[in-house]
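See structure below.
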Amino acid sequence: MPRTLRLVLPHGLLLVATLLLYGAATGIQANTGAGRIGPDAWPKAIIVAMGLLCAWEIARRLAVRPRGGGAKTADASPEPPAMQVGKLAAGVGLVLSYVLTVPWLGFFVATAAFLAAFPWFGGLRRPLLTGALGIAGSLALVVVFMRVAYISLPLGEGPFRALSLALLAAIGVS
Amino acid sequence: MEILTHLAGGFVHLFTPLNLLVLSVGLVLGMLVAVLPGLTLVMGVVLALPFTYKMGVAPALILLTAMYVSGTYGGAITAILFRIPGEPMDVPLIWDGYEMARKGDAALALGWSLVAALVGGLVSAVVMVLLAKPVAQVALAFSTPEFFAIVFFGLASVVTLSGTSLANALISLCLGLLIATVGVDEVYGADRFTFGQPFLQDGIEFLLVMVGAYGIGEVLTRMSTGFASQGGEAGAGTARFRTAFPGLSQVLGMKATFARGTATGIVVGIVPGAGATVSAFVAYGLESQYGKNRAALGTGAPEGIVAAKSAATASVGGALVPLLAMGIPGSGATAIILAAFLLHGIQPGPQVFVANTDLVYTVFATVFAGVIGMCILGYFAIRPLCKVLEAPEAIVSAFVVVFCFVGAFAARNNLSDLNVIAAFGVLGFLFERYGFPIAPLVLGTILGPLAETNFMTTMVSFDNDWTVFFTRPISGGILALAAVGLAWPLVKAALKRLRAARSAHAQPG
């Protein structure tokens with residue numbers, strides 16, 4: 001990606017978002033009565049402010065960008081640490097998988113799988129430890145949340161629901 | 001006298017078996033989150049929030065306040081002993097505390113840190129009790145323009161103190177304010193930014209933004225750069241650790257340092273948005289400029305420990321003043337405490353001193369008892385706390401994610417909320433990555449509705465006359481202060497450029 005584009009990309013995307021949001025804000029309708037400020041005024045004011053800030057920051061970055069492939073960027077903030085894309089992708093994937101499978105697998109099974117997989121992908125390559133941690137940790141959390149704190153958590157569907165119900169019965173949650 | 005009577009009542013409420021148990025749990029948890037790798041104080045308080053849903057309001061506030069108090073101390077131990085600051089506020093302790101430890105005075109460094117936390121915490125608690133009610137009484141006379149101005153000032157302070165680019169901080173704030181507008185508008189019942197999604201009609205709970213951006217976002221950030229600790233390294237060999245207190249004459253000899261640090265912590269704590277970290281750094285900076293022993297700072301001088309630690313702990317009492325008296329959080333952790341108030345149907349502010357006097361003074365009593373309990377715990381629990389460092393960061397982070405999801409789900413039992421916090425987790429990561437501070441986003445989401453309500457009510461009451469915000473003396477004065485705060489970083493940068501240009505011009509050749 002060209003350096004200049006990389007420099008202004010976050011603010012450029014936000015600027016596009018503000019334009020889209022302004023369009024959405026013009027669709028806010030309410031019967032406000034003559035001369036009264038409507039429910040679209042506050043969000044519109046914020047969107048305009050945000051758009052102006054993004055435009056200003058893009059202009060500033062373009063105006064002071066380094067010439068001739070200089071090492072420093074226009075932004076005074078330090079360079080962020082090197083990113084391990086694989087690990088990040090694994091992290092995001094695991095978080096999304098957990099969110100999407102919890103309704104189907106139920107809290108106990110989904111959490112056990114997540115607690116085992118996350119440290120593994122995070123670099124803790126000790127399968128016995130992470131596997132045991134997954135099951136024991138998930139069980140402990142079920143006891144803490146569902147028996148002690150009385151929080152109702154997803155039970156899952158089909159066989160996973162049956163498993164969750166059996167587990168709850170075993171720990172004394174009716 | 002009336003204050004003392006109420007405070008005694010607060011202690012009576014606190015000293016029931018259940019509340020004492022909750023206080024103890026809160027103190028231990030606060031210490032743990034401050035020590036554990038991958039967990040910050042604010043994240044810890046966020047993660048504890050779901051456990052308070054089913055509690056009464058008093059135990060809920062005692063738990064979170066106790067965590068807030070003791071969370072300001074735990075990281076000092078690891079900073080001094082292992083050069084691992086548990087929290088950003090503990091970084092100045094490395095400069096002198098760790099240096100003392102290297103010279104063989106670790107026990108004394110820990111002792112100074114404990115005495116500083118005790119003095120700073122107790123003095124700020126006294127100031128908090130004396131100041132909160134008068135501030136609330138002044139605020140009782142305020143109308144909507146003044147409240148809008150105060151909220152605006154709070155938001156502006158968060159932005160100016162967020163440390164990164166001012167434009168990015170303001171963009172983050174605008175996004176937070178915008179998120180707060182999603183859903184059905186309270187005044188006219190109009191749908192705003194719901195895009196035909198029924199779950200968006202109820203709005204986006206600030207809790208989801210907070211938990212997602214702080215909790216999940218932080219975990220993704222740490223994972224993307226590789227978890228720092230695989231466990232077992234830092235906490236090894238804890239058997240020799242202990243605390244040795246300085247003598248009374250040594251403490252009295254440093255009374256000016258104690259006074260400067262504590263006063264800085266209280267004042268910076270009161271400023272909305274500036275918490276313990278800013279307090280610690282400002283106090284250390286003041287000590288390095290005005291302290292008697294300033295030349296020795298950074299080489300293992302106890303003054304450096306006392307200044308930073310007394311300020312960090314004193315900021316707790318300071319930050320609770322605007323929260324309780326005006327409903328404006330003074331720091332990240334007090335934003336979560338505000339959330340606990342709101343989740344229990346109580347809006348902190350001037351009225352809370354009238355309608356919930358017992359509750360307010362129970363919180364005050366919790367700060368006093370918390371500071372003392374924290375010091376007792378800090379003295380006796382050094383070894384087990386250091387052992388905690390052996391926990392691998394990857395495992396701690398996995399549990400943080402699960403706690404975040406449970407917290408988000410339990411608030412409304414809505415599975416859609418899980419998707420929302422995952423989305424805010426990714427947004428939090430991107431913010432962190434590209435230099436957008438998260439605090440303005442979160443505070444914008446929390447204070448947005450308050451700002452909008454007061455703005456809209458003013459506009460309706462004063463026939464759309466926006467000049468009323470500037471012509472009323474109090475709101476005008478507060479807005480002027482906010483404007484100065486916002487302009488100051490720009491003025492400072494311009495002055496710096498001017499000085500640089502002058503010195504370049506003065507250079508011969």
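Every chain in the structure tokens has a letter given in the order shown (A, B, ...), and although residue numbers restart at 1 in each chain, ligands are simply numbered from 1 in the order shown.
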Please report as an mmCIF file with N, CA, C and O atoms, in the first residue's frame which residues of chain B come no farther than 7 Å from chain A, using only C-alpha atoms.
data_model
loop_
_atom_site.group_PDB
_atom_site.id
_atom_site.type_symbol
_atom_site.label_atom_id
_atom_site.label_comp_id
_atom_site.auth_asym_id
_atom_site.auth_seq_id
_atom_site.Cartn_x
_atom_site.Cartn_y
_atom_site.Cartn_z
ATOM 1 N N PHE B 51 -20.969 -9.179 38.259
ATOM 2 C CA PHE B 51 -21.265 -9.843 39.540
ATOM 3 C C PHE B 51 -22.118 -8.962 40.439
ATOM 4 O O PHE B 51 -22.661 -9.422 41.433
ATOM 5 N N THR B 164 -2.595 11.478 23.483
ATOM 6 C CA THR B 164 -2.197 11.286 22.085
ATOM 7 C C THR B 164 -2.640 12.507 21.285
ATOM 8 O O THR B 164 -2.879 13.556 21.834
ATOM 9 N N ALA B 167 -6.664 15.686 17.728
ATOM 10 C CA ALA B 167 -7.694 15.408 16.726
ATOM 11 C C ALA B 167 -8.230 13.987 16.894
ATOM 12 O O ALA B 167 -9.449 13.770 16.866
ATOM 13 N N ILE B 171 -12.023 12.894 17.714
ATOM 14 C CA ILE B 171 -12.763 11.985 16.830
ATOM 15 C C ILE B 171 -13.321 10.813 17.649
ATOM 16 O O ILE B 171 -14.472 10.413 17.495
ATOM 17 N N CYS B 174 -16.277 12.061 19.536
ATOM 18 C CA CYS B 174 -17.449 12.237 18.661
ATOM 19 C C CYS B 174 -18.099 10.889 18.373
ATOM 20 O O CYS B 174 -19.329 10.765 18.393
ATOM 21 N N LEU B 178 -21.846 9.751 19.279
ATOM 22 C CA LEU B 178 -22.730 9.284 18.208
ATOM 23 C C LEU B 178 -23.322 7.909 18.546
ATOM 24 O O LEU B 178 -24.514 7.664 18.295
ATOM 25 N N THR B 181 -26.325 8.016 20.577
ATOM 26 C CA THR B 181 -27.588 8.475 19.983
ATOM 27 C C THR B 181 -28.352 7.341 19.290
ATOM 28 O O THR B 181 -29.495 7.537 18.878
ATOM 29 N N ASP B 185 -35.109 7.896 20.151
ATOM 30 C CA ASP B 185 -34.838 9.159 20.846
ATOM 31 C C ASP B 185 -35.844 9.373 21.980
ATOM 32 O O ASP B 185 -37.044 9.116 21.820
ATOM 33 N N TYR B 188 -38.595 12.705 21.315
ATOM 34 C CA TYR B 188 -39.619 12.625 20.249
ATOM 35 C C TYR B 188 -39.982 11.190 19.856
ATOM 36 O O TYR B 188 -40.895 10.975 19.062
ATOM 37 N N ALA B 190 -38.219 9.228 17.996
ATOM 38 C CA ALA B 190 -37.794 8.954 16.614
ATOM 39 C C ALA B 190 -36.675 7.907 16.597
ATOM 40 O O ALA B 190 -35.816 7.895 17.485
ATOM 41 N N ASP B 191 -36.716 7.039 15.570
ATOM 42 C CA ASP B 191 -35.636 6.055 15.388
ATOM 43 C C ASP B 191 -34.394 6.755 14.868
ATOM 44 O O ASP B 191 -34.471 7.522 13.909
ATOM 45 N N ARG B 192 -33.232 6.467 15.484
ATOM 46 C CA ARG B 192 -31.984 7.076 14.998
ATOM 47 C C ARG B 192 -30.942 5.976 14.788
ATOM 48 O O ARG B 192 -30.617 5.240 15.718
ATOM 49 N N PHE B 193 -30.423 5.897 13.582
ATOM 50 C CA PHE B 193 -29.355 4.954 13.220
ATOM 51 C C PHE B 193 -29.677 3.500 13.617
ATOM 52 O O PHE B 193 -28.797 2.779 14.068
ATOM 53 N N LEU B 220 -6.909 -8.421 22.294
ATOM 54 C CA LEU B 220 -6.479 -8.560 20.892
ATOM 55 C C LEU B 220 -5.178 -7.806 20.646
ATOM 56 O O LEU B 220 -4.296 -8.293 19.921
ATOM 57 N N MET B 223 -2.424 -9.898 22.106
ATOM 58 C CA MET B 223 -2.209 -11.121 21.319
ATOM 59 C C MET B 223 -1.492 -10.782 20.006
ATOM 60 O O MET B 223 -0.631 -11.531 19.554
ATOM 61 N N SER B 224 -1.848 -9.644 19.422
ATOM 62 C CA SER B 224 -1.258 -9.290 18.123
ATOM 63 C C SER B 224 0.228 -8.973 18.229
ATOM 64 O O SER B 224 0.958 -9.067 17.248
ATOM 65 N N THR B 225 0.682 -8.599 19.420
ATOM 66 C CA THR B 225 2.110 -8.317 19.582
ATOM 67 C C THR B 225 2.826 -9.455 20.317
ATOM 68 O O THR B 225 4.005 -9.352 20.634
ATOM 69 N N PHE B 227 1.998 -12.406 23.507
ATOM 70 C CA PHE B 227 1.866 -12.254 24.962
ATOM 71 C C PHE B 227 3.250 -12.210 25.599
ATOM 72 O O PHE B 227 4.126 -13.000 25.247
ATOM 73 N N GLN B 230 4.999 -16.040 29.563
ATOM 74 C CA GLN B 230 4.519 -17.418 29.452
ATOM 75 C C GLN B 230 4.417 -18.048 30.847
ATOM 76 O O GLN B 230 4.148 -19.225 30.980
ATOM 77 N N ALA B 394 -1.413 -15.605 28.397
ATOM 78 C CA ALA B 394 -2.379 -16.164 27.437
ATOM 79 C C ALA B 394 -3.582 -16.754 28.165
ATOM 80 O O ALA B 394 -4.721 -16.617 27.718
ATOM 81 N N ILE B 395 -3.332 -17.402 29.295
ATOM 82 C CA ILE B 395 -4.438 -18.011 30.051
ATOM 83 C C ILE B 395 -5.291 -16.916 30.685
ATOM 84 O O ILE B 395 -6.524 -16.946 30.616
ATOM 85 N N ALA B 398 -7.496 -15.371 28.095
ATOM 86 C CA ALA B 398 -8.632 -16.212 27.705
ATOM 87 C C ALA B 398 -9.785 -16.041 28.704
ATOM 88 O O ALA B 398 -10.952 -15.906 28.316
ATOM 89 N N ALA B 410 -25.075 -11.005 30.474
ATOM 90 C CA ALA B 410 -25.911 -11.024 31.673
ATOM 91 C C ALA B 410 -26.678 -9.726 31.879
ATOM 92 O O ALA B 410 -27.717 -9.718 32.551
ATOM 93 N N LEU B 418 -23.617 -10.018 22.371
ATOM 94 C CA LEU B 418 -22.300 -10.650 22.230
ATOM 95 C C LEU B 418 -21.639 -10.207 20.921
ATOM 96 O O LEU B 418 -20.434 -9.947 20.873
ATOM 97 N N ASN B 419 -22.466 -10.129 19.863
ATOM 98 C CA ASN B 419 -21.914 -9.658 18.579
ATOM 99 C C ASN B 419 -21.449 -8.207 18.706
ATOM 100 O O ASN B 419 -20.433 -7.809 18.140
ATOM 101 N N ALA B 422 -18.153 -8.030 20.507
ATOM 102 C CA ALA B 422 -17.069 -8.507 19.630
ATOM 103 C C ALA B 422 -16.694 -7.403 18.645
ATOM 104 O O ALA B 422 -15.508 -7.140 18.401
ATOM 105 N N ARG B 433 -4.362 0.515 17.833
ATOM 106 C CA ARG B 433 -3.357 0.349 16.787
ATOM 107 C C ARG B 433 -3.049 1.668 16.077
ATOM 108 O O ARG B 433 -1.912 1.964 15.759
ATOM 109 N N GLU B 452 -26.767 15.390 25.748
ATOM 110 C CA GLU B 452 -27.839 15.670 24.785
ATOM 111 C C GLU B 452 -29.120 16.124 25.502
ATOM 112 O O GLU B 452 -29.760 17.095 25.082
ATOM 113 N N VAL B 460 -35.050 23.842 24.084
ATOM 114 C CA VAL B 460 -36.512 23.924 24.115
ATOM 115 C C VAL B 460 -36.955 25.008 25.112
ATOM 116 O O VAL B 460 -37.814 25.850 24.812
ATOM 117 N N ASN B 464 -34.705 27.924 21.503
ATOM 118 C CA ASN B 464 -33.589 27.703 20.560
ATOM 119 C C ASN B 464 -32.506 28.786 20.626
ATOM 120 O O ASN B 464 -31.772 28.977 19.651
#
Those of stretch 124-155 of chain A in DSSP helix (DSSP H, G or I), formatted as a PyMOL selection string: chain A and resi 127-148
B:Ile446 environment, 10 Å, only C-alpha atoms, sequence neighbours closer than 2 positions dropped, as an MDAnalysis selection string: chainID B and resid 176:177 179:180 205:207 209:210 328:329 335:336 338:339 440:444 448:451
One-decimal distance in Å that lies between atom CA of B:Ala369 and atom CA of B:Pro59: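 Calculated distance between atom CA of B:Pro59 and atom CA of B:Ala369 is 14.0 Å.
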Using only C-alpha atoms, which residues sit within 9 Å of B:Tyr361 once same-chain residues fewer than 4 positions away are excluded, as a CSV table (one decimal) with C-alpha atoms, in the first residue's frame?
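File produced: result-v4.csv:
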chain,number,residue,atom,x,y,z
B,3,ILE,CA,-21.0,15.1,58.2
B,6,HIS,CA,-23.5,10.6,58.4
B,7,LEU,CA,-20.0,9.2,58.1
B,8,ALA,CA,-20.5,7.2,61.3
B,9,GLY,CA,-23.7,5.9,59.7
B,10,GLY,CA,-21.7,5.0,56.6
B,11,PHE,CA,-19.3,2.9,58.8
B,13,HIS,CA,-23.6,0.2,57.1
B,129,VAL,CA,-15.9,13.9,52.6
B,353,PHE,CA,-26.9,13.5,48.7
B,356,ASN,CA,-29.5,8.4,49.2
B,357,THR,CA,-27.4,9.9,52.0
B,365,ALA,CA,-16.6,4.8,54.6
B,366,THR,CA,-15.5,2.3,52.0
Using only C-alpha atoms: which of B:Leu61, B:Thr52, B:Leu415, B:Val484 has the shortest distance to A:Thr101: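 Smallest distance to A:Thr101 is found for B:Leu415.
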Pick from B:Thr471, B:Ala312, B:Pro392, B:Met55 nearest to A:Leu129, counting only C-alpha atoms: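 Nearest to A:Leu129: B:Pro392.
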One-decimal distance in Å that lies between atom CA of B:Thr72 and atom CA of B:Arg294: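 It comes out at 24.5 Å.
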Counting only C-alpha atoms, the option among B:Ile376, B:Ala483, B:Leu342, B:Met67 closest to B:Phe470: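 Closest to B:Phe470, using only C-alpha atoms: B:Ala483.
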